[in-house]
$ cat structure.cif   # mmCIF, C-alpha atoms
data_target
loop_
_atom_site.label_atom_id
_atom_site.label_comp_id
_atom_site.auth_asym_id
_atom_site.auth_seq_id
_atom_site.Cartn_x
_atom_site.Cartn_y
_atom_site.Cartn_z
CA MET E 1 55.40 37.28 9.20
CA TYR E 2 52.17 39.28 9.22
CA HIS E 3 50.90 40.79 5.97
CA LYS E 4 48.05 43.07 4.91
CA LEU E 5 46.80 41.88 1.53
CA MET E 6 44.31 43.03 -1.10
CA LEU E 7 42.41 39.97 -2.29
CA GLU E 8 39.57 39.13 -4.67
CA ASP E 9 36.85 36.54 -4.29
CA LYS E 10 33.27 35.75 -5.29
CA VAL E 11 30.94 36.07 -2.30
CA ARG E 12 27.42 34.65 -2.00
CA VAL E 13 24.90 36.78 -0.14
CA PRO E 14 22.12 34.49 1.18
CA PRO E 15 18.45 35.36 0.43
CA PRO E 16 17.50 36.38 4.01
CA ARG E 17 20.16 39.12 3.98
CA LEU E 18 19.55 40.66 0.55
CA GLY E 19 17.70 43.62 2.03
CA GLU E 20 20.54 44.64 4.35
CA LYS E 21 23.44 46.99 3.65
CA LEU E 22 25.45 45.10 1.05
CA GLU E 23 29.02 45.93 2.13
CA LYS E 24 28.23 45.09 5.77
CA VAL E 25 26.75 41.72 4.82
CA ILE E 26 29.66 40.84 2.53
CA LEU E 27 32.19 41.77 5.22
CA GLU E 28 30.46 39.54 7.76
CA VAL E 29 30.21 36.65 5.28
CA LEU E 30 33.95 36.93 4.49
CA GLN E 31 34.85 37.11 8.17
CA GLU E 32 32.80 34.02 8.94
CA GLN E 33 34.23 32.05 6.02
CA LEU E 34 37.88 33.06 6.15
CA GLU E 35 39.02 34.04 9.65
CA GLY E 36 41.00 31.18 11.16
CA SER E 37 41.17 29.32 7.85
CA ILE E 38 44.36 28.35 6.01
CA ASP E 39 45.34 28.80 2.38
CA LYS E 40 48.85 27.46 1.80
CA GLU E 41 49.50 30.03 -0.94
CA ILE E 42 48.01 33.04 0.87
CA GLY E 43 48.60 32.20 4.53
CA ILE E 44 46.61 31.84 7.76
CA PHE E 45 43.74 34.33 7.84
CA ILE E 46 43.74 36.50 10.95
CA CYS E 47 40.94 38.88 10.02
CA VAL E 48 39.13 40.49 7.12
CA THR E 49 39.32 44.24 7.76
CA LYS E 50 37.56 46.05 4.92
CA VAL E 51 35.52 45.57 1.76
CA LYS E 52 37.03 47.81 -0.94
CA ASP E 53 34.92 47.15 -4.02
CA VAL E 54 31.77 45.20 -4.88
CA GLY E 55 30.90 44.27 -8.46
CA GLU E 56 27.50 43.64 -9.99
CA GLY E 57 25.49 40.77 -8.56
CA GLU E 58 25.01 37.52 -10.49
CA LEU E 59 22.16 35.06 -10.21
CA VAL E 60 22.55 31.32 -10.52
CA PRO E 61 19.53 29.21 -11.62
CA GLY E 62 18.16 27.25 -8.68
CA ASP E 63 20.04 29.34 -6.11
CA GLY E 64 18.23 32.12 -4.24
CA GLY E 65 21.46 33.86 -3.26
CA VAL E 66 23.29 36.58 -5.20
CA TYR E 67 27.00 36.28 -6.07
CA TYR E 68 29.29 39.33 -6.08
CA ASP E 69 32.89 39.79 -7.21
CA VAL E 70 34.55 41.47 -4.25
CA LYS E 71 37.89 43.11 -3.49
CA PHE E 72 38.77 43.20 0.19
CA GLU E 73 41.60 43.71 2.68
CA ALA E 74 42.75 40.94 4.99
CA MET E 75 45.49 40.34 7.54
CA VAL E 76 47.27 37.02 7.19
CA LEU E 77 50.12 35.20 8.86
CA ARG E 78 52.69 33.56 6.60
CA LEU E 79 55.12 31.21 8.32
CA GLY E 80 58.35 29.74 7.01
CA LEU E 81 60.84 27.30 8.46
CA GLN E 82 63.56 29.02 10.55
CA GLU E 83 61.49 32.21 10.73
CA VAL E 84 61.74 34.16 13.99
CA ILE E 85 58.41 35.34 15.39
CA GLU E 86 56.92 36.54 18.67
CA GLY E 87 53.97 34.85 20.36
CA LEU E 88 52.06 34.68 23.63
CA VAL E 89 52.22 31.70 26.00
CA VAL E 90 48.61 30.60 26.53
CA GLU E 91 49.12 27.26 28.28
CA THR E 92 51.90 25.29 29.98
CA THR E 93 52.10 21.53 30.53
CA SER E 94 54.71 19.07 31.74
CA PHE E 95 55.82 18.51 28.13
CA GLY E 96 55.99 22.13 26.98
CA ALA E 97 54.13 25.36 26.29
CA PHE E 98 51.45 26.30 23.78
CA VAL E 99 52.22 29.62 22.12
CA SER E 100 49.56 31.69 20.36
CA LEU E 101 50.76 33.21 17.08
CA GLY E 102 47.44 35.00 16.60
CA PRO E 103 45.16 32.82 14.48
CA ILE E 104 46.87 29.56 15.43
CA ASP E 105 48.76 27.95 18.32
CA ALA E 106 52.21 26.38 18.12
CA MET E 107 54.10 23.97 20.38
CA LEU E 108 57.26 24.79 22.31
CA HIS E 109 58.48 21.42 23.61
CA VAL E 110 60.46 21.29 26.86
CA SER E 111 63.47 20.01 24.92
CA GLN E 112 63.44 23.22 22.86
CA ILE E 113 63.30 25.70 25.76
CA SER E 114 66.86 25.47 27.09
CA ASP E 115 69.93 23.26 27.36
CA GLU E 116 69.13 22.98 31.06
CA TYR E 117 66.79 20.44 32.64
CA ILE E 118 63.24 21.85 32.81
CA ASN E 119 60.98 21.43 35.86
CA TYR E 120 57.22 21.91 35.64
CA ASP E 121 55.65 24.00 38.40
CA GLU E 122 52.02 22.97 37.99
CA LYS E 123 50.75 25.22 40.79
CA ASN E 124 52.07 28.39 39.14
CA ALA E 125 51.80 27.05 35.55
CA ARG E 126 55.51 27.63 34.93
CA LEU E 127 58.33 25.78 33.21
CA ILE E 128 61.53 26.47 35.17
CA CYS E 129 65.16 26.00 34.13
CA GLN E 130 66.81 24.00 36.90
CA GLU E 131 70.14 25.85 37.10
CA SER E 132 69.47 29.46 36.06
CA LYS E 133 65.90 29.50 37.51
CA ARG E 134 64.66 31.25 34.39
CA PHE E 135 61.04 30.39 33.72
CA ILE E 136 58.22 30.57 31.19
CA GLY E 137 54.64 31.17 32.30
CA VAL E 138 51.19 31.85 30.89
CA GLY E 139 51.01 35.43 29.62
CA ASP E 140 54.71 35.68 28.74
CA VAL E 141 55.66 37.06 25.33
CA VAL E 142 58.33 34.87 23.75
CA ARG E 143 60.59 35.25 20.73
CA VAL E 144 60.86 31.88 19.01
CA ARG E 145 62.02 30.23 15.80
CA VAL E 146 59.83 27.94 13.67
CA VAL E 147 61.51 24.53 13.31
CA THR E 148 58.64 22.33 12.09
CA LEU E 149 55.70 23.38 9.95
CA SER E 150 52.78 21.28 8.74
CA LEU E 151 49.62 23.23 7.82
CA ASN E 152 46.27 21.52 7.25
CA GLU E 153 43.90 23.52 5.04
CA ARG E 154 40.88 21.28 5.68
CA GLU E 155 41.35 21.05 9.45
CA PRO E 156 43.40 24.06 10.64
CA ARG E 157 43.36 22.78 14.23
CA ASP E 158 45.26 19.69 13.09
CA SER E 159 48.14 21.84 11.84
CA LYS E 160 51.44 21.25 13.61
CA ILE E 161 53.92 24.05 14.25
CA GLY E 162 57.04 23.38 16.32
CA LEU E 163 59.11 26.13 17.94
CA THR E 164 62.50 26.51 19.61
CA MET E 165 64.08 29.00 22.04
CA ARG E 166 67.47 27.29 22.34
CA GLN E 167 69.35 29.69 20.08
CA ALA E 168 70.90 33.09 20.78
CA GLY E 169 68.49 36.02 20.63
CA LEU E 170 65.45 33.91 21.54
CA GLY E 171 63.49 33.66 24.79
CA THR E 172 61.08 35.62 26.94
CA ALA E 173 61.26 39.42 27.15
CA LEU E 174 62.97 39.07 30.55
CA TRP E 175 65.55 36.60 29.22
CA LEU E 176 66.40 38.89 26.32
CA GLU E 177 66.73 41.87 28.67
CA GLU E 178 69.14 39.91 30.88
CA GLU E 179 71.25 38.94 27.87
CA MET E 180 71.32 42.56 26.69
CA ASN E 181 72.51 43.75 30.10
CA LYS E 182 75.27 41.11 30.11
CA GLU E 183 76.46 42.29 26.70
CA LYS E 184 76.48 45.91 27.90
CA GLU E 185 78.56 44.98 30.98
CA LYS E 186 80.97 43.06 28.80
CA ALA E 187 81.30 45.99 26.37
CA ASN E 188 81.92 48.47 29.21
CA GLN E 189 84.67 46.39 30.82
CA PRO E 190 88.14 47.95 30.11
CA GLU E 191 90.08 45.97 27.52
CA GLY E 192 92.74 43.77 29.13
CA ALA E 193 91.31 44.20 32.64
CA VAL E 194 91.96 41.20 34.88
CA LYS E 195 90.14 40.59 38.14
CA SER E 196 92.31 39.54 41.08
CA THR E 197 91.65 36.10 42.51
CA PRO E 198 92.05 35.12 46.17
CA GLU E 199 95.14 33.06 45.27
CA LYS E 200 96.86 35.98 43.53
CA ALA E 201 96.02 38.35 46.39
CA LYS E 202 97.39 35.87 48.92
CA GLY E 203 100.60 35.54 46.93
CA LYS E 204 101.14 39.29 46.96
CA ARG E 205 100.79 39.44 50.72
CA LYS E 206 103.41 36.71 51.14
CA GLU E 207 105.81 38.48 48.80
CA HIS E 208 105.40 41.75 50.71
CA ALA E 209 105.95 40.02 54.03
CA SER E 210 109.17 38.34 52.86
CA GLY E 211 110.61 41.68 51.74
CA GLU E 212 110.39 43.32 55.16
#
$ encode --input "structure.cif" --output "structure tokens"
Amino acid sequence: MYHKLMLEDKVRVPPPRLGEKLEKVILEVLQEQLEGSIDKEIGIFICVTKVKDVGEGELVPGDGGVYYDVKFEAMVLRLGLQEVIEGLVVETTSFGAFVSLGPIDAMLHVSQISDEYINYDEKNARLICQESKRFIGVGDVVRVRVVTLSLNEREPRDSKIGLTMRQAGLGTALWLEEEMNKEKEKANQPEGAVKSTPEKAKGKRKEHASGE
């Protein structure tokens, strides 16, 4: 889930930038240092949005920079196992789809897309369900569940996040719309209504004919 947090940190302003507007410099330093990074307690940093308060600067012997205690706002993504989240398909391959969750990509393996066999349409960059012909393509928004989670603070790109769409209420926007329409049709069907089958209709015609 996405969160807006108020955080505190000590920020070093390098000597070449000491003459610039302080809040602007600190914001840029925080953005460069934090955006895309991972802190297992805080989350995955999406962006630093605002510097709220800057304390007095401190000097450290032998260091030309100035250190400031800073309060700032940041947007972070916190993931948990079995959490449902929406993402954007950014790449498809024969073994699955890569889904962007904002600051980090996750893997949706072909085995976790559907109970059906999945074909890969390389020309159109689509993963297609063999029976229903439902598909996933680049640019699709998908609702998924997190089933594996291994975050790497030192090397965020080495983090591994596994997703699934094989449960009810998950899938692309089109899939979910189709399921919603099916539920509406089912709810609107009169209780106890039975559709006639060809065999039943044929039987009625025979019975009518024998009574003449």
$ closest_residue --input "structure.cif" --among "E:Asp39, E:Asn188, E:Glu32, E:Val66" --to "E:Pro14" --atoms "only C-alpha atoms"
E:Val66
$ atom_distance --input "structure.cif" --atom1 "atom CA of E:Gln33" --atom2 "atom CA of E:Pro61"
23.1 Å
$ resolve_selection --input "structure.cif" --expression "the PyMOL selection byres ((chain E and resi 99) around 12)" --output "PyMOL selection string"
chain E and resi 85-93+96-98+100-109+136-146+160-165+172
$ residues_around --input "structure.cif" --residues "E:Gly57" --least-positions-apart "2" --cutoff "8 Å" --atoms "all atoms listed in the file" --output "list of chain:residue names"
E:Gly55, E:Leu59, E:Val66, E:Tyr67, E:Tyr68, E:Asp69
$ atom_distance --input "structure.cif" --atom1 "atom CA of E:Val48" --atom2 "atom CA of E:Gly36"
10.3 Å
$ resolve_selection --input "structure.cif" --expression "the PyMOL selection byres ((chain E and resi 52) around 12)" --output "ChimeraX atom specification"
/E:5-9,23-24,26-27,48-51,53-55,69-74
$ closest_residue --input "structure.cif" --among "E:Ile38, E:Val13, E:Met1, E:Leu127" --to "E:Gln82" --atoms "only C-alpha atoms"
E:Met1
$ closest_residue --input "structure.cif" --among "E:Gly19, E:Gln130, E:Lys123, E:Phe45" --to "E:Leu79" --atoms "only C-alpha atoms"
E:Phe45
$ closest_residue --input "structure.cif" --among "E:Ile128, E:Val25, E:Ser37, E:Ile46" --to "E:Tyr2" --atoms "only C-alpha atoms"
E:Ile46
$ residues_around --input "structure.cif" --residues "E:Pro15" --least-positions-apart "6" --cutoff "10 Å" --atoms "all atoms listed in the file" --output "PyMOL selection string"
chain E and resi 63-66
$ atom_distance --input "structure.cif" --atom1 "atom CA of E:Leu149" --atom2 "atom CA of E:Glu83"
10.6 Å
$ resolve_selection --input "structure.cif" --expression "the PyMOL selection byres ((chain E and resi 43) around 6)" --output "PyMOL selection string"
chain E and resi 38-42+44+76-78
$ closest_residue --input "structure.cif" --among "E:Met180, E:Val11, E:Leu170, E:Val110" --to "E:Gln31" --atoms "only C-alpha atoms"
E:Val11
$ closest_residue --input "structure.cif" --among "E:Ser94, E:Arg157, E:Lys10, E:Lys21" --to "E:Glu58" --atoms "all atoms listed in the file"
E:Lys10
$ decode --input "structure.cif" --residues "stretch 13-141 of chain E" --atoms "C-alpha atoms" --output "PDB file, in the first residue's frame"
ATOM      1  CA  VAL E  13      24.852  19.933   1.748  1.00  0.00           C
ATOM      2  CA  PRO E  14      28.082  19.774  -0.306  1.00  0.00           C
ATOM      3  CA  PRO E  15      30.397  22.840  -0.413  1.00  0.00           C
ATOM      4  CA  PRO E  16      29.683  23.810  -4.072  1.00  0.00           C
ATOM      5  CA  ARG E  17      25.970  24.233  -3.269  1.00  0.00           C
ATOM      6  CA  LEU E  18      26.171  26.197  -0.017  1.00  0.00           C
ATOM      7  CA  GLY E  19      25.333  29.466  -1.746  1.00  0.00           C
ATOM      8  CA  GLU E  20      22.085  28.185  -3.269  1.00  0.00           C
ATOM      9  CA  LYS E  21      18.588  28.249  -1.779  1.00  0.00           C
ATOM     10  CA  LEU E  22      18.870  25.829   1.133  1.00  0.00           C
ATOM     11  CA  GLU E  23      15.473  24.093   0.973  1.00  0.00           C
ATOM     12  CA  LYS E  24      15.810  23.518  -2.786  1.00  0.00           C
ATOM     13  CA  VAL E  25      19.264  21.983  -2.380  1.00  0.00           C
ATOM     14  CA  ILE E  26      18.167  19.737   0.496  1.00  0.00           C
ATOM     15  CA  LEU E  27      15.122  18.542  -1.469  1.00  0.00           C
ATOM     16  CA  GLU E  28      17.288  17.629  -4.449  1.00  0.00           C
ATOM     17  CA  VAL E  29      19.848  15.850  -2.244  1.00  0.00           C
ATOM     18  CA  LEU E  30      17.083  13.805  -0.572  1.00  0.00           C
ATOM     19  CA  GLN E  31      15.512  12.940  -3.921  1.00  0.00           C
ATOM     20  CA  GLU E  32      18.837  11.769  -5.305  1.00  0.00           C
ATOM     21  CA  GLN E  33      19.668   9.701  -2.229  1.00  0.00           C
ATOM     22  CA  LEU E  34      16.291   8.164  -1.429  1.00  0.00           C
ATOM     23  CA  GLU E  35      14.083   7.785  -4.501  1.00  0.00           C
ATOM     24  CA  GLY E  36      14.115   4.167  -5.635  1.00  0.00           C
ATOM     25  CA  SER E  37      15.894   3.016  -2.470  1.00  0.00           C
ATOM     26  CA  ILE E  38      14.548   0.479   0.029  1.00  0.00           C
ATOM     27  CA  ASP E  39      14.316   0.633   3.798  1.00  0.00           C
ATOM     28  CA  LYS E  40      12.697  -2.540   5.145  1.00  0.00           C
ATOM     29  CA  GLU E  41      11.169  -0.656   8.077  1.00  0.00           C
ATOM     30  CA  ILE E  42       9.957   2.379   6.110  1.00  0.00           C
ATOM     31  CA  GLY E  43       9.276   0.935   2.658  1.00  0.00           C
ATOM     32  CA  ILE E  44      10.283   1.536  -0.960  1.00  0.00           C
ATOM     33  CA  PHE E  45      10.791   5.245  -1.607  1.00  0.00           C
ATOM     34  CA  ILE E  46       8.737   6.545  -4.520  1.00  0.00           C
ATOM     35  CA  CYS E  47       9.483  10.246  -4.166  1.00  0.00           C
ATOM     36  CA  VAL E  48      10.415  12.969  -1.710  1.00  0.00           C
ATOM     37  CA  THR E  49       7.735  15.645  -2.102  1.00  0.00           C
ATOM     38  CA  LYS E  50       8.494  18.475   0.316  1.00  0.00           C
ATOM     39  CA  VAL E  51      10.981  19.765   2.872  1.00  0.00           C
ATOM     40  CA  LYS E  52       9.011  20.845   5.954  1.00  0.00           C
ATOM     41  CA  ASP E  53      11.648  22.036   8.411  1.00  0.00           C
ATOM     42  CA  VAL E  54      15.404  22.626   8.396  1.00  0.00           C
ATOM     43  CA  GLY E  55      17.408  22.871  11.615  1.00  0.00           C
ATOM     44  CA  GLU E  56      20.656  24.713  12.256  1.00  0.00           C
ATOM     45  CA  GLY E  57      23.662  23.611  10.248  1.00  0.00           C
ATOM     46  CA  GLU E  58      26.507  21.648  11.845  1.00  0.00           C
ATOM     47  CA  LEU E  59      30.129  21.526  10.778  1.00  0.00           C
ATOM     48  CA  VAL E  60      32.296  18.436  10.990  1.00  0.00           C
ATOM     49  CA  PRO E  61      36.107  18.850  11.227  1.00  0.00           C
ATOM     50  CA  GLY E  62      37.748  17.868   7.957  1.00  0.00           C
ATOM     51  CA  ASP E  63      34.477  17.987   6.014  1.00  0.00           C
ATOM     52  CA  GLY E  64      33.633  21.048   3.901  1.00  0.00           C
ATOM     53  CA  GLY E  65      29.921  20.227   3.809  1.00  0.00           C
ATOM     54  CA  VAL E  66      27.249  21.387   6.262  1.00  0.00           C
ATOM     55  CA  TYR E  67      24.888  18.925   7.978  1.00  0.00           C
ATOM     56  CA  TYR E  68      21.252  19.820   8.675  1.00  0.00           C
ATOM     57  CA  ASP E  69      18.539  18.034  10.662  1.00  0.00           C
ATOM     58  CA  VAL E  70      15.605  17.932   8.268  1.00  0.00           C
ATOM     59  CA  LYS E  71      11.928  16.997   8.405  1.00  0.00           C
ATOM     60  CA  PHE E  72      10.435  16.079   5.051  1.00  0.00           C
ATOM     61  CA  GLU E  73       7.481  14.395   3.342  1.00  0.00           C
ATOM     62  CA  ALA E  74       7.905  11.280   1.239  1.00  0.00           C
ATOM     63  CA  MET E  75       5.717   8.792  -0.611  1.00  0.00           C
ATOM     64  CA  VAL E  76       6.603   5.156  -0.001  1.00  0.00           C
ATOM     65  CA  LEU E  77       5.308   1.771  -1.025  1.00  0.00           C
ATOM     66  CA  ARG E  78       4.942  -0.845   1.698  1.00  0.00           C
ATOM     67  CA  LEU E  79       4.282  -4.376   0.500  1.00  0.00           C
ATOM     68  CA  GLY E  80       3.109  -7.388   2.465  1.00  0.00           C
ATOM     69  CA  LEU E  81       2.519 -11.004   1.537  1.00  0.00           C
ATOM     70  CA  GLN E  82      -1.030 -11.644   0.243  1.00  0.00           C
ATOM     71  CA  GLU E  83      -1.579  -7.906  -0.272  1.00  0.00           C
ATOM     72  CA  VAL E  84      -3.709  -6.953  -3.281  1.00  0.00           C
ATOM     73  CA  ILE E  85      -2.305  -4.116  -5.376  1.00  0.00           C
ATOM     74  CA  GLU E  86      -2.673  -2.631  -8.848  1.00  0.00           C
ATOM     75  CA  GLY E  87       0.222  -2.267 -11.278  1.00  0.00           C
ATOM     76  CA  LEU E  88       1.044  -1.579 -14.918  1.00  0.00           C
ATOM     77  CA  VAL E  89       2.326  -4.243 -17.316  1.00  0.00           C
ATOM     78  CA  VAL E  90       5.579  -2.874 -18.753  1.00  0.00           C
ATOM     79  CA  GLU E  91       6.964  -5.968 -20.485  1.00  0.00           C
ATOM     80  CA  THR E  92       5.809  -9.431 -21.561  1.00  0.00           C
ATOM     81  CA  THR E  93       7.941 -12.501 -22.229  1.00  0.00           C
ATOM     82  CA  SER E  94       7.334 -16.181 -22.903  1.00  0.00           C
ATOM     83  CA  PHE E  95       7.637 -16.884 -19.163  1.00  0.00           C
ATOM     84  CA  GLY E  96       5.449 -14.077 -17.835  1.00  0.00           C
ATOM     85  CA  ALA E  97       4.904 -10.345 -17.449  1.00  0.00           C
ATOM     86  CA  PHE E  98       6.825  -7.644 -15.614  1.00  0.00           C
ATOM     87  CA  VAL E  99       4.489  -5.386 -13.657  1.00  0.00           C
ATOM     88  CA  SER E 100       5.501  -1.921 -12.486  1.00  0.00           C
ATOM     89  CA  LEU E 101       4.344  -1.123  -8.949  1.00  0.00           C
ATOM     90  CA  GLY E 102       5.755   2.398  -9.186  1.00  0.00           C
ATOM     91  CA  PRO E 103       9.288   2.416  -7.784  1.00  0.00           C
ATOM     92  CA  ILE E 104       9.903  -1.277  -8.446  1.00  0.00           C
ATOM     93  CA  ASP E 105       8.919  -4.037 -10.884  1.00  0.00           C
ATOM     94  CA  ALA E 106       7.422  -7.396  -9.937  1.00  0.00           C
ATOM     95  CA  MET E 107       7.084 -10.700 -11.790  1.00  0.00           C
ATOM     96  CA  LEU E 108       3.807 -12.293 -12.865  1.00  0.00           C
ATOM     97  CA  HIS E 109       4.790 -15.799 -14.001  1.00  0.00           C
ATOM     98  CA  VAL E 110       2.709 -17.527 -16.686  1.00  0.00           C
ATOM     99  CA  SER E 111       1.722 -20.180 -14.152  1.00  0.00           C
ATOM    100  CA  GLN E 112       0.129 -17.458 -12.004  1.00  0.00           C
ATOM    101  CA  ILE E 113      -1.976 -15.808 -14.729  1.00  0.00           C
ATOM    102  CA  SER E 114      -4.744 -18.383 -15.182  1.00  0.00           C
ATOM    103  CA  ASP E 115      -5.650 -22.048 -14.808  1.00  0.00           C
ATOM    104  CA  GLU E 116      -5.672 -22.188 -18.612  1.00  0.00           C
ATOM    105  CA  TYR E 117      -2.659 -22.847 -20.819  1.00  0.00           C
ATOM    106  CA  ILE E 118      -0.978 -19.550 -21.769  1.00  0.00           C
ATOM    107  CA  ASN E 119       0.311 -18.800 -25.282  1.00  0.00           C
ATOM    108  CA  TYR E 120       2.827 -16.040 -25.946  1.00  0.00           C
ATOM    109  CA  ASP E 121       2.057 -13.767 -28.898  1.00  0.00           C
ATOM    110  CA  GLU E 122       5.485 -12.227 -29.420  1.00  0.00           C
ATOM    111  CA  LYS E 123       4.388 -10.025 -32.331  1.00  0.00           C
ATOM    112  CA  ASN E 124       1.739  -8.232 -30.258  1.00  0.00           C
ATOM    113  CA  ALA E 125       3.568  -8.665 -26.905  1.00  0.00           C
ATOM    114  CA  ARG E 126       0.591 -10.488 -25.389  1.00  0.00           C
ATOM    115  CA  LEU E 127       0.054 -13.486 -23.136  1.00  0.00           C
ATOM    116  CA  ILE E 128      -3.169 -15.201 -24.242  1.00  0.00           C
ATOM    117  CA  CYS E 129      -5.329 -17.722 -22.384  1.00  0.00           C
ATOM    118  CA  GLN E 130      -5.857 -20.624 -24.774  1.00  0.00           C
ATOM    119  CA  GLU E 131      -9.548 -21.327 -24.084  1.00  0.00           C
ATOM    120  CA  SER E 132     -11.135 -18.012 -23.063  1.00  0.00           C
ATOM    121  CA  LYS E 133      -8.837 -15.905 -25.316  1.00  0.00           C
ATOM    122  CA  ARG E 134      -8.370 -13.417 -22.499  1.00  0.00           C
ATOM    123  CA  PHE E 135      -5.003 -11.714 -22.759  1.00  0.00           C
ATOM    124  CA  ILE E 136      -2.493  -9.499 -20.970  1.00  0.00           C
ATOM    125  CA  GLY E 137      -0.475  -6.917 -22.877  1.00  0.00           C
ATOM    126  CA  VAL E 138       1.942  -4.055 -22.298  1.00  0.00           C
ATOM    127  CA  GLY E 139       0.058  -1.046 -20.943  1.00  0.00           C
ATOM    128  CA  ASP E 140      -2.648  -3.078 -19.188  1.00  0.00           C
ATOM    129  CA  VAL E 141      -3.500  -2.216 -15.591  1.00  0.00           C
TER     130      VAL E 141
END
